[in-house]
$ cat work06.cif   # mmCIF, C-alpha atoms and all ligand atoms
data_run
#
loop_
_atom_site.label_atom_id
_atom_site.label_comp_id
_atom_site.auth_asym_id
_atom_site.auth_seq_id
_atom_site.Cartn_x
_atom_site.Cartn_y
_atom_site.Cartn_z
CA MET A 626 7.01 0.78 -14.26
CA LEU A 627 8.25 0.76 -10.70
CA ALA A 628 11.38 -1.28 -10.15
CA PHE A 629 13.39 -2.32 -7.11
CA SER A 630 16.91 -3.24 -8.09
CA HIS A 631 19.07 -5.01 -5.48
CA VAL A 632 17.52 -3.08 -2.61
CA ASP A 633 18.69 -3.51 0.97
CA SER A 634 16.83 -1.55 3.64
CA PHE A 635 17.65 -0.73 7.25
CA TYR A 636 16.09 0.60 10.44
CA ASP A 637 19.12 2.02 12.23
CA ARG A 638 21.48 -0.98 12.29
CA SER A 639 18.73 -3.57 11.71
CA HIS A 640 19.12 -4.94 8.21
CA ILE A 641 15.58 -5.91 7.11
CA LEU A 642 15.38 -6.15 3.31
CA HIS A 643 18.04 -8.11 1.44
CA ASP A 644 18.76 -7.76 -2.27
CA VAL A 645 15.15 -7.16 -3.28
CA CYS A 646 14.54 -7.11 -7.03
CA LEU A 647 10.95 -6.57 -8.10
CA GLU A 648 9.17 -5.05 -11.07
CA VAL A 649 5.71 -3.58 -10.61
CA ARG A 650 4.02 -3.03 -13.95
CA ASP A 651 1.82 -0.04 -14.73
CA GLY A 652 -1.90 -0.70 -14.45
CA GLU A 653 -1.47 -3.99 -12.60
CA VAL A 654 -2.12 -5.19 -9.06
CA THR A 655 0.93 -6.78 -7.47
CA ALA A 656 0.24 -8.76 -4.30
CA VAL A 657 3.02 -8.96 -1.71
CA LEU A 658 2.61 -12.12 0.33
CA GLY A 659 4.39 -13.84 3.20
CA ARG A 660 4.22 -14.60 6.90
CA ASN A 661 4.21 -11.94 9.61
CA GLY A 662 7.55 -10.24 10.10
CA THR A 663 8.99 -11.12 6.69
CA GLY A 664 9.34 -7.50 5.59
CA LYS A 665 6.18 -6.74 3.60
CA THR A 666 5.47 -3.48 5.43
CA THR A 667 9.15 -2.59 5.23
CA LEU A 668 9.00 -3.04 1.45
CA LEU A 669 6.22 -0.42 1.25
CA LYS A 670 8.01 1.89 3.70
CA THR A 671 11.20 1.55 1.70
CA LEU A 672 9.32 2.62 -1.41
CA MET A 673 8.02 5.70 0.44
CA GLY A 674 11.42 6.57 1.93
CA LEU A 675 10.32 5.76 5.47
CA THR A 676 13.17 3.49 6.50
CA ASP A 677 16.47 4.88 7.75
CA ARG A 678 18.73 3.86 4.88
CA ILE A 679 18.75 1.86 1.68
CA ASP A 680 21.30 0.45 -0.70
CA GLY A 681 20.35 -0.31 -4.30
CA GLN A 682 17.98 1.56 -6.58
CA ILE A 683 14.27 2.24 -6.87
CA ARG A 684 13.09 3.57 -10.22
CA LEU A 685 9.73 5.07 -11.07
CA ASN A 686 9.76 4.98 -14.85
CA GLU A 687 13.13 6.54 -15.70
CA ARG A 688 13.44 8.46 -12.45
CA GLU A 689 15.64 7.17 -9.62
CA ILE A 690 13.62 7.87 -6.46
CA GLY A 691 15.50 5.73 -3.96
CA LYS A 692 17.26 8.71 -2.37
CA GLU A 693 14.43 11.22 -2.64
CA PRO A 694 12.56 12.45 0.44
CA THR A 695 9.09 11.04 1.08
CA PHE A 696 7.17 14.15 -0.05
CA GLN A 697 8.82 14.08 -3.46
CA ARG A 698 7.88 10.43 -3.94
CA ALA A 699 4.30 11.32 -2.96
CA ARG A 700 4.32 14.19 -5.49
CA ALA A 701 5.68 11.79 -8.09
CA GLY A 702 2.39 9.88 -7.72
CA ILE A 703 2.89 7.21 -5.05
CA ALA A 704 0.29 7.16 -2.26
CA TYR A 705 0.51 5.02 0.87
CA VAL A 706 -2.36 3.56 2.92
CA PRO A 707 -0.54 2.27 6.02
CA GLN A 708 -1.42 -0.71 8.15
CA GLY A 709 -3.51 0.62 11.04
CA ARG A 710 -4.68 3.46 8.75
CA GLU A 711 -3.23 6.36 10.81
CA ILE A 712 -6.33 8.53 10.70
CA ILE A 713 -6.05 11.70 12.77
CA PRO A 714 -8.89 11.17 15.28
CA ASP A 715 -9.50 14.85 16.14
CA PHE A 716 -9.57 15.96 12.50
CA THR A 717 -12.86 15.84 10.63
CA ILE A 718 -13.39 13.47 7.72
CA ARG A 719 -12.92 16.45 5.36
CA GLU A 720 -9.63 17.44 7.03
CA ASN A 721 -8.34 13.87 7.00
CA ILE A 722 -9.09 13.56 3.28
CA LEU A 723 -7.54 16.93 2.45
CA MET A 724 -4.30 15.92 4.21
CA GLY A 725 -3.68 13.79 1.11
CA SER A 726 -4.12 16.76 -1.22
CA PHE A 727 -0.88 18.34 0.06
CA ALA A 728 0.93 15.75 -2.03
CA ARG A 729 -0.83 16.83 -5.25
CA HIS A 730 1.57 17.95 -7.94
CA ASP A 731 -0.84 20.68 -9.17
CA GLY A 732 -1.44 22.27 -5.76
CA LYS A 733 -5.23 21.78 -5.79
CA ARG A 734 -6.78 21.38 -2.33
CA GLU A 735 -10.03 19.61 -3.04
CA ILE A 736 -11.85 16.33 -2.52
CA PRO A 737 -11.75 14.53 -5.89
CA GLU A 738 -14.94 13.45 -7.67
CA LEU A 739 -13.73 9.88 -7.43
CA VAL A 740 -13.83 10.00 -3.61
CA ALA A 741 -17.41 11.30 -3.73
CA GLU A 742 -18.34 8.50 -6.09
CA LEU A 743 -16.67 5.67 -4.14
CA PHE A 744 -17.45 6.78 -0.59
CA PRO A 745 -20.93 8.32 -0.26
CA TYR A 746 -20.93 7.74 3.51
CA LEU A 747 -17.81 9.86 3.96
CA MET A 748 -19.20 12.62 1.74
CA ASN A 749 -22.41 12.73 3.77
CA ASN A 750 -20.47 13.00 7.04
CA LEU A 751 -17.63 15.38 6.22
CA THR A 752 -17.85 17.25 9.54
CA ARG A 753 -17.67 14.16 11.78
CA ASN A 754 -14.37 13.42 13.46
CA GLY A 755 -12.24 10.61 12.01
CA GLY A 756 -11.86 9.04 15.46
CA VAL A 757 -15.54 8.11 15.80
CA LEU A 758 -15.62 5.98 12.65
CA SER A 759 -15.64 2.17 12.58
CA GLY A 760 -12.57 0.27 11.36
CA GLY A 761 -14.10 -0.20 7.92
CA GLN A 762 -15.03 3.47 7.61
CA GLN A 763 -11.53 4.48 8.72
CA GLN A 764 -10.10 2.21 6.04
CA GLN A 765 -12.29 3.96 3.48
CA LEU A 766 -11.09 7.29 4.84
CA ALA A 767 -7.45 6.24 4.56
CA ILE A 768 -8.05 5.23 0.92
CA ALA A 769 -9.88 8.52 0.28
CA ARG A 770 -6.93 10.44 1.76
CA ALA A 771 -4.57 8.60 -0.57
CA LEU A 772 -6.80 9.34 -3.58
CA ALA A 773 -6.81 13.05 -2.69
CA ALA A 774 -3.16 13.07 -3.76
CA ASP A 775 -4.28 12.10 -7.30
CA PRO A 776 -1.81 9.18 -7.37
CA LYS A 777 -0.77 6.82 -10.14
CA VAL A 778 0.34 4.10 -7.73
CA ILE A 779 -1.37 3.18 -4.46
CA LEU A 780 0.22 1.05 -1.73
CA LEU A 781 -2.23 -0.82 0.49
CA ASP A 782 -0.96 -2.56 3.64
CA GLU A 783 -3.38 -5.29 4.77
CA PRO A 784 -6.45 -3.17 4.01
CA ASN A 785 -8.85 -5.74 5.44
CA GLU A 786 -7.06 -6.35 8.72
CA GLY A 787 -9.32 -5.87 11.75
CA ILE A 788 -12.39 -5.08 9.66
CA GLN A 789 -15.83 -6.63 10.10
CA PRO A 790 -16.42 -9.42 7.56
CA SER A 791 -19.51 -7.64 6.18
CA ILE A 792 -17.39 -4.61 5.19
CA VAL A 793 -14.43 -6.61 3.86
CA GLU A 794 -16.28 -7.39 0.65
CA GLU A 795 -17.01 -3.69 0.11
CA ILE A 796 -13.35 -2.73 0.55
CA GLU A 797 -12.29 -5.55 -1.79
CA LYS A 798 -14.65 -4.28 -4.49
CA ILE A 799 -13.27 -0.77 -4.15
CA ILE A 800 -9.68 -1.98 -4.49
CA ILE A 801 -10.55 -3.93 -7.63
CA ARG A 802 -12.40 -0.88 -9.08
CA LEU A 803 -9.43 1.38 -8.37
CA ASN A 804 -7.38 -0.85 -10.61
CA ARG A 805 -9.82 -2.04 -13.28
CA GLU A 806 -11.85 1.14 -13.72
CA VAL A 807 -9.64 3.97 -12.50
CA GLY A 808 -6.45 2.41 -13.84
CA LEU A 809 -4.32 2.78 -10.71
CA THR A 810 -1.27 0.61 -10.25
CA VAL A 811 -1.67 -1.19 -6.91
CA ILE A 812 0.77 -2.85 -4.53
CA LEU A 813 -1.30 -4.89 -2.11
CA VAL A 814 0.17 -6.44 1.03
CA GLU A 815 -2.28 -9.21 1.82
CA GLN A 816 -2.66 -12.26 4.06
CA ASN A 817 -5.86 -13.41 2.37
CA VAL A 818 -4.64 -15.54 -0.53
CA SER A 819 -8.09 -15.94 -2.02
CA PHE A 820 -8.49 -12.14 -2.33
CA ALA A 821 -4.93 -11.81 -3.66
CA ARG A 822 -5.77 -14.38 -6.35
CA ARG A 823 -8.92 -12.47 -7.34
CA ALA A 824 -7.40 -9.00 -7.29
CA ALA A 825 -3.80 -9.39 -8.42
CA HIS A 826 -2.10 -9.87 -11.76
CA ARG A 827 1.27 -10.69 -10.24
CA PHE A 828 2.67 -11.69 -6.85
CA ALA A 829 5.86 -11.48 -4.84
CA MET A 830 6.38 -13.91 -1.96
CA MET A 831 8.61 -12.72 0.88
CA GLU A 832 10.62 -14.73 3.36
CA LYS A 833 13.14 -13.26 5.86
CA GLY A 834 13.40 -9.92 4.05
CA ARG A 835 13.86 -11.42 0.58
CA VAL A 836 11.56 -11.91 -2.38
CA VAL A 837 11.87 -15.69 -2.72
CA VAL A 838 9.49 -16.22 -5.63
CA SER A 839 7.49 -13.92 -7.89
CA GLY A 840 5.51 -14.17 -11.10
CA ALA A 841 2.05 -14.10 -12.63
CA ILE A 842 -0.68 -14.78 -10.08
CA SER A 843 -1.71 -17.86 -12.11
CA GLU A 844 1.72 -19.30 -11.22
CA LEU A 845 1.09 -19.03 -7.46
CA THR A 846 0.64 -22.64 -6.43
CA ASP A 847 -0.94 -24.02 -3.26
CA GLU A 848 2.42 -25.60 -2.52
CA MET A 849 4.10 -22.15 -2.52
CA VAL A 850 1.37 -20.78 -0.28
CA HIS A 851 1.83 -23.70 2.11
CA ARG A 852 5.62 -23.48 2.10
CA HIS A 853 5.89 -19.71 2.60
CA MET A 854 2.71 -18.73 4.43
CA ALA A 855 1.59 -21.61 6.67
CA VAL A 856 2.25 -20.94 10.36
N1 LIG B 1 11.03 0.50 13.19
C1 LIG B 1 11.66 -0.69 13.23
N2 LIG B 1 12.89 -0.82 13.80
C2 LIG B 1 13.53 -2.02 13.82
N3 LIG B 1 13.02 -3.16 13.31
C3 LIG B 1 11.80 -3.10 12.75
C4 LIG B 1 11.05 -1.87 12.68
N4 LIG B 1 9.86 -2.12 12.05
C5 LIG B 1 9.88 -3.45 11.75
N5 LIG B 1 11.03 -4.03 12.16
C6 LIG B 1 11.42 -5.44 11.98
O1 LIG B 1 11.49 -5.70 10.59
C7 LIG B 1 11.06 -7.02 10.30
C8 LIG B 1 10.01 -6.97 9.22
O2 LIG B 1 8.84 -6.30 9.71
P1 LIG B 1 7.64 -5.88 8.77
O3 LIG B 1 6.65 -5.13 9.61
O4 LIG B 1 8.17 -5.23 7.56
O5 LIG B 1 7.04 -7.29 8.37
P2 LIG B 1 5.64 -7.68 7.77
O6 LIG B 1 5.90 -8.81 6.83
O7 LIG B 1 4.95 -6.50 7.24
O8 LIG B 1 4.86 -8.25 9.03
P3 LIG B 1 3.37 -7.99 9.55
O9 LIG B 1 2.52 -8.83 8.68
O10 LIG B 1 3.45 -8.45 10.96
O11 LIG B 1 3.11 -6.51 9.42
C9 LIG B 1 10.56 -7.62 11.61
O12 LIG B 1 11.58 -8.42 12.13
C10 LIG B 1 10.35 -6.40 12.49
O13 LIG B 1 10.57 -6.71 13.83
#

$ encode --input "work06.cif" --output "structure tokens"
Amino acid sequence: MLAFSHVDSFYDRSHILHDVCLEVRDGEVTAVLGRNGTGKTTLLKTLMGLTDRIDGQIRLNEREIGKEPTFQRARAGIAYVPQGREIIPDFTIRENILMGSFARHDGKREIPELVAELFPYLMNNLTRNGGVLSGGQQQQLAIARALAADPKVILLDEPNEGIQPSIVEEIEKIIIRLNREVGLTVILVEQNVSFARRAAHRFAMMEKGRVVVSGAISELTDEMVHRHMAV
């Protein structure tokens, strides 16, 4: 169980998250929804320790991680796939994947079997540079890098943004497999409500830095989507 308890989060003096309470259950997909600029990315960054300051508590099982540095949270099993993917263009595919392995708790520096199984294209092109890949391939690479940390929880920030429609379905299938077959806990920031409904067990809707409604995905009504997501 991952739990935010009355969390406020800041960039310098900008107060972005307000009194966020949220429980993310083990083995489930939790979709974080809301309009642009409502704090979804900041929620993930706060969990990774990438904002400047927080008040409140973040617990991973019984451990309070809210004041720990980012690398310790990564070692505790939380992996982050950022919006925009942040691939290192001049590093090869192999090097980009192995970057994730530095967060492994057991010190192994290897490409996991799971990555080979999920991403045959990457495995067949390990010496190509990350920068020459398409958006969809870079998204796969960013997920592979996260998996190289052998995480228990994976944070995905709009994984289908800017990706060709033909590849979107592939990425969606992989995300669902990571949860249903591999057993990873997933926090998915998503604008596509239809995918969120298919993939997620629970949802949290954000508005102006607050979680305004949350619950089982079956409780997400069209009226809520309209009220909190229509532009
Ligand atoms: N580094 C930063 N310094 C100051 N303010 C920031 C910073 N990053 C984001 N913000 C502000 O925090 C608020 C929430 O942004 P955030 O990116 O978390 O929203 P979001 O819901 O993920 O939106 P999007 O869908 O556009 O990514 C916005 O008002 C944004 O301008």

$ residues_around --input "work06.cif" --residues "Arg684 in chain A" --least-positions-apart "4" --cutoff "7 Å" --atoms "all atoms listed in the file" --output "PyMOL selection string"
chain A and resi 627-629+688-690

$ residues_around --input "work06.cif" --residues "Leu758 in chain A" --least-positions-apart "6" --cutoff "12 Å" --atoms "all atoms listed in the file" --output "PyMOL selection string"
chain A and resi 710+712-718+746-747+750-752+764-767+788

$ residues_around --input "work06.cif" --residues "Asp775 in chain A" --least-positions-apart "4" --cutoff "12 Å" --atoms "only C-alpha atoms" --output "PyMOL selection string"
chain A and resi 699-705+722-723+725-740+768-771+779+803+807-809

$ atom_distance --input "work06.cif" --atom1 "CA of Val654 in chain A" --atom2 "CA of Arg719 in chain A"
28.2 Å

$ closest_atom_pairs --input "work06.cif" --of "chain A" --to "ligand LIG 1 (chain B)" --cutoff "7 Å" --atoms "all atoms listed in the file" --output "CSV"
residue,atom,partner,partner_atom,distance
A:Tyr636,CA,B:LIG1,N2,4.9
A:Ser639,CA,B:LIG1,C2,5.8
A:Ile641,CA,B:LIG1,O1,5.4
A:Gly659,CA,B:LIG1,O6,6.4
A:Arg660,CA,B:LIG1,O6,6.0
A:Asn661,CA,B:LIG1,O9,3.7
A:Gly662,CA,B:LIG1,O5,3.5
A:Thr663,CA,B:LIG1,O6,3.9
A:Gly664,CA,B:LIG1,O4,3.2
A:Lys665,CA,B:LIG1,O6,3.8
A:Thr666,CA,B:LIG1,O7,3.6
A:Thr667,CA,B:LIG1,O4,3.7
A:Leu668,CA,B:LIG1,O4,6.5
A:Gly834,CA,B:LIG1,C8,6.9

$ atom_distance --input "work06.cif" --atom1 "CA of Glu648 in chain A" --atom2 "CA of Thr676 in chain A"
19.9 Å

$ axis_aligned_box --input "work06.cif" --around "range 833-842 of chain A" --padding-each-side "5 Å" --output "lines of an AutoDock Vina configuration file"
center_x = 6.6
center_y = -13.1
center_z = -3.4
size_x = 24.5
size_y = 16.3
size_z = 28.5

$ build_atoms --input "work06.cif" --residues "range 715-733 of chain A" --atoms "N, CA and C atoms" --output "short mmCIF file (atom, residue, chain, number, x, y, z; two decimals), in the frame of the given file"
data_model
loop_
_atom_site.label_atom_id
_atom_site.label_comp_id
_atom_site.auth_asym_id
_atom_site.auth_seq_id
_atom_site.Cartn_x
_atom_site.Cartn_y
_atom_site.Cartn_z
N ASP A 715 -8.85 13.57 15.84
CA ASP A 715 -9.50 14.85 16.14
C ASP A 715 -9.72 15.71 14.91
N PHE A 716 -9.29 15.25 13.76
CA PHE A 716 -9.57 15.96 12.50
C PHE A 716 -10.88 15.43 11.94
N THR A 717 -11.62 16.30 11.26
CA THR A 717 -12.86 15.84 10.63
C THR A 717 -12.52 14.94 9.43
N ILE A 718 -13.57 14.30 8.93
CA ILE A 718 -13.39 13.47 7.72
C ILE A 718 -12.83 14.35 6.60
N ARG A 719 -13.41 15.55 6.43
CA ARG A 719 -12.92 16.45 5.36
C ARG A 719 -11.42 16.75 5.54
N GLU A 720 -11.04 17.08 6.78
CA GLU A 720 -9.63 17.44 7.03
C GLU A 720 -8.71 16.25 6.80
N ASN A 721 -9.16 15.07 7.24
CA ASN A 721 -8.34 13.87 7.00
C ASN A 721 -8.15 13.63 5.51
N ILE A 722 -9.22 13.78 4.73
CA ILE A 722 -9.09 13.56 3.28
C ILE A 722 -8.14 14.60 2.67
N LEU A 723 -8.34 15.87 3.08
CA LEU A 723 -7.54 16.93 2.45
C LEU A 723 -6.05 16.86 2.79
N MET A 724 -5.73 16.15 3.89
CA MET A 724 -4.30 15.92 4.21
C MET A 724 -3.59 15.34 2.99
N GLY A 725 -4.28 14.44 2.28
CA GLY A 725 -3.68 13.79 1.11
C GLY A 725 -3.42 14.78 -0.01
N SER A 726 -4.24 15.84 -0.08
CA SER A 726 -4.12 16.76 -1.22
C SER A 726 -2.82 17.56 -1.17
N PHE A 727 -2.16 17.60 -0.01
CA PHE A 727 -0.88 18.34 0.06
C PHE A 727 0.19 17.68 -0.80
N ALA A 728 -0.04 16.43 -1.17
CA ALA A 728 0.93 15.75 -2.03
C ALA A 728 0.60 15.92 -3.52
N ARG A 729 -0.48 16.66 -3.83
CA ARG A 729 -0.83 16.83 -5.25
C ARG A 729 0.23 17.66 -5.96
N HIS A 730 0.55 17.23 -7.18
CA HIS A 730 1.57 17.95 -7.94
C HIS A 730 1.05 19.29 -8.45
N ASP A 731 -0.30 19.43 -8.61
CA ASP A 731 -0.84 20.68 -9.17
C ASP A 731 -1.32 21.67 -8.12
N GLY A 732 -1.12 21.33 -6.83
CA GLY A 732 -1.44 22.27 -5.76
C GLY A 732 -2.92 22.41 -5.42
N LYS A 733 -3.80 21.67 -6.09
CA LYS A 733 -5.23 21.78 -5.79
C LYS A 733 -5.53 21.19 -4.42
#
